[in-house]
Structure formats: structure tokens, C-alpha cells
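In what follows, a structure is listed as C-alpha cells, so that the remarks can point back to it.
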Amino acid sequence: MKRRGQSGSRTITIALLFLLISGSVAGAYYIYNFGSDPFRTLPVLEIKALYDSPTSLTGNIYKIEGTIDTQLRNEPGHGRLFSIESRDGSNVELIPVLVPSSLSRVQIFKGQKYLFKIKVEEGGVLRVLEMTKA
């Protein structure tokens with residue numbers, strides 16, 4: 001005689017195995033795409049708000065992702081001023097960021113994409129506190 005109880009447990013085992021594998025793939029995808037942001041707890045800088053009222057943002061810390069466009073100035077002892085291309089919704093904006101001399105160890109090249117932790121200083125100056133390649 002055949003045992004009929006075995007086929008039901010095999011189906012459950014296969015279903016559980018499928019759920020485990022698909023859950024692992026989904027978790028790996030999430031970590032790869034969203035878990036690598038070291039500044040994920042910071043709010044994203046709204047460029048429109050910066051242009052409309054930079055003094056209201058003074059003292060706040062934000063994150064911004066952008067591509068290096070041009071080095072505008074280099075002041076030994078103070079740092080380097082770069083323009084970066086950043087997206088604000090569907091618009092691409094050029095904004096200046098000041099990379100202090102304390103971050104001179106970071107190799108910055110035109111066209112590379114970075115994730116910046118910035119502080120809005122007096123007059124709307126965006127001073128980079130930390131940065132990493134995106």
C-alpha cells in the first residue's frame with residue numbers, strides 16, 4: 001500500500017524552501033541598493049529651499065548626492081571649492097560645496113559621483129563634513 005501523507009509534507013517543504021530563498025534574495029537586494037548609504041538617517045537637502053532661503057537652513061546637516069563638475073577654487077589651509085551636479089526631482093542643478101583641507105586625503109576627480117554629508121553655514125555655504133563615493 002502507498003503512503004499518502006508523504007506527498008503533502010513534501011509540498012510544504014518545497015514551498016518553505018522557495019520562501020526562504022526568495023526572502024534571502026530580496027534581503028540581499030535591499031542591502032545592496034539601500035543599506036550601503038552611510039548617511040541614511042540624514043534628510044536630503046532640497047536645493048530649491050537652499051536657493052529660496054539659505055539663512056533658514058543655517059546650522060542644519062543634510063546629505064546630498066552629486067557628480068563633481070568643476071573645481072572652482074583651491075585655498076591652501078581652507079579647502080577646495082567644487083561645483084557638483086545634483087538632482088532635485090527631475091531638475092539637474094549645479095551647486096557649490098566647500099571641501100575643507102581636513103578632507104584633503106580624499107582623491108576627488110571630475111565626473112565621479114559622491115555622497116556628501118554637508119552642513120549649511122552662514123550665507124548658504126555648503127561645507128562638507130564627510131564624503132564617500134556613491
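Just remember, in the C-alpha cells the first chain shown is A, the second B, etc., residues are 1-based per chain, and ligands are 1-based in the order shown.
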
Who sits within 10 Å of segment 48-54 of chain A, only C-alpha atoms, same chain under 4 positions skipped, as a ChimeraX atom specification:
/A:58,88,93,95,120-126

Just asking: which residues within segment 1-133 of chain A are strand (DSSP E or B) according to DSSP, as a PyMOL selection string?
chain A and resi 44+61-75+79-88+91-100+113-120+126-133

Go ahead and write the selection's residues with C-alpha atoms as a CSV table (one decimal), in the first residue's frame.
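Output file part-v1.csv follows:
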chain,number,residue,atom,x,y,z
A,44,VAL,CA,18.2,65.1,1.8
A,61,ILE,CA,23.1,69.0,8.4
A,62,TYR,CA,22.0,67.2,5.3
A,63,LYS,CA,23.1,64.7,2.8
A,64,ILE,CA,23.3,65.2,-0.9
A,65,GLU,CA,24.4,63.0,-3.8
A,66,GLY,CA,26.2,64.6,-6.8
A,67,THR,CA,28.7,64.3,-9.5
A,68,ILE,CA,31.8,66.5,-9.5
A,69,ASP,CA,31.6,69.1,-12.3
A,70,THR,CA,34.5,71.5,-11.8
A,71,GLN,CA,37.0,72.6,-9.1
A,72,LEU,CA,36.3,76.3,-8.7
A,73,ARG,CA,39.0,77.3,-6.3
A,74,ASN,CA,41.7,75.9,-4.1
A,75,GLU,CA,42.8,77.8,-1.0
A,79,GLY,CA,40.0,73.8,1.3
A,80,ARG,CA,38.7,73.3,-2.2
A,81,LEU,CA,35.5,74.7,-3.7
A,82,PHE,CA,33.8,72.4,-6.2
A,83,SER,CA,30.6,72.6,-8.2
A,84,ILE,CA,28.6,69.5,-8.2
A,85,GLU,CA,25.7,68.3,-10.4
A,86,SER,CA,22.8,67.2,-8.2
A,87,ARG,CA,19.3,66.1,-9.0
A,88,ASP,CA,16.4,67.9,-7.3
A,91,ASN,CA,15.9,69.0,-12.4
A,92,VAL,CA,19.7,68.9,-12.5
A,93,GLU,CA,21.3,71.7,-10.5
A,94,LEU,CA,24.8,72.9,-10.1
A,95,ILE,CA,25.7,73.8,-6.5
A,96,PRO,CA,28.9,74.7,-4.9
A,97,VAL,CA,30.3,72.7,-2.0
A,98,LEU,CA,33.4,73.5,0.1
A,99,VAL,CA,35.6,70.5,0.9
A,100,PRO,CA,37.8,71.6,3.8
A,113,LYS,CA,29.7,60.5,-8.1
A,114,TYR,CA,29.9,61.1,-4.3
A,115,LEU,CA,27.6,61.1,-1.4
A,116,PHE,CA,28.2,64.2,0.8
A,117,LYS,CA,27.3,64.9,4.5
A,118,ILE,CA,27.1,68.7,4.5
A,119,LYS,CA,26.4,71.5,6.9
A,120,VAL,CA,24.8,74.7,5.8
A,126,LEU,CA,27.7,74.1,2.0
A,127,ARG,CA,30.7,72.7,4.0
A,128,VAL,CA,31.4,69.0,3.5
A,129,LEU,CA,31.7,67.1,6.8
A,130,GLU,CA,32.2,63.7,5.3
A,131,MET,CA,32.1,62.2,1.8
A,132,THR,CA,32.2,58.8,0.2
A,133,LYS,CA,31.9,57.5,-3.4

Please return as a PyMOL selection string: the residues of chain A that backbone DSSP assigns to alpha helix (DSSP H).
chain A and resi 5-34+47-52

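Atom pair atom CA of Arg105 of chain A / atom CA of His78 of chain A: separated by 14.0 Å.
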
Calculate how many Å separate atom CA of Leu16 of chain A from atom CA of Tyr30 of chain A, rounding to one decimal.
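Atom CA of Tyr30 of chain A lies at a distance of 20.9 Å from atom CA of Leu16 of chain A.
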
Could you jot down the atom CA of Gly59 of chain A to atom CA of Leu42 of chain A separation for me, Å, one decimal place?
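If I compute the distance from atom CA of Gly59 of chain A to atom CA of Leu42 of chain A, I get 13.7 Å.
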
May I ask which of the residues A:Gly23, A:Gly77, A:Gly89, A:Glu46 is the closest one to Ser101 of chain A, counting only C-alpha atoms?
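When distances to Ser101 of chain A are compared using only C-alpha atoms, the smallest one comes from A:Gly77.
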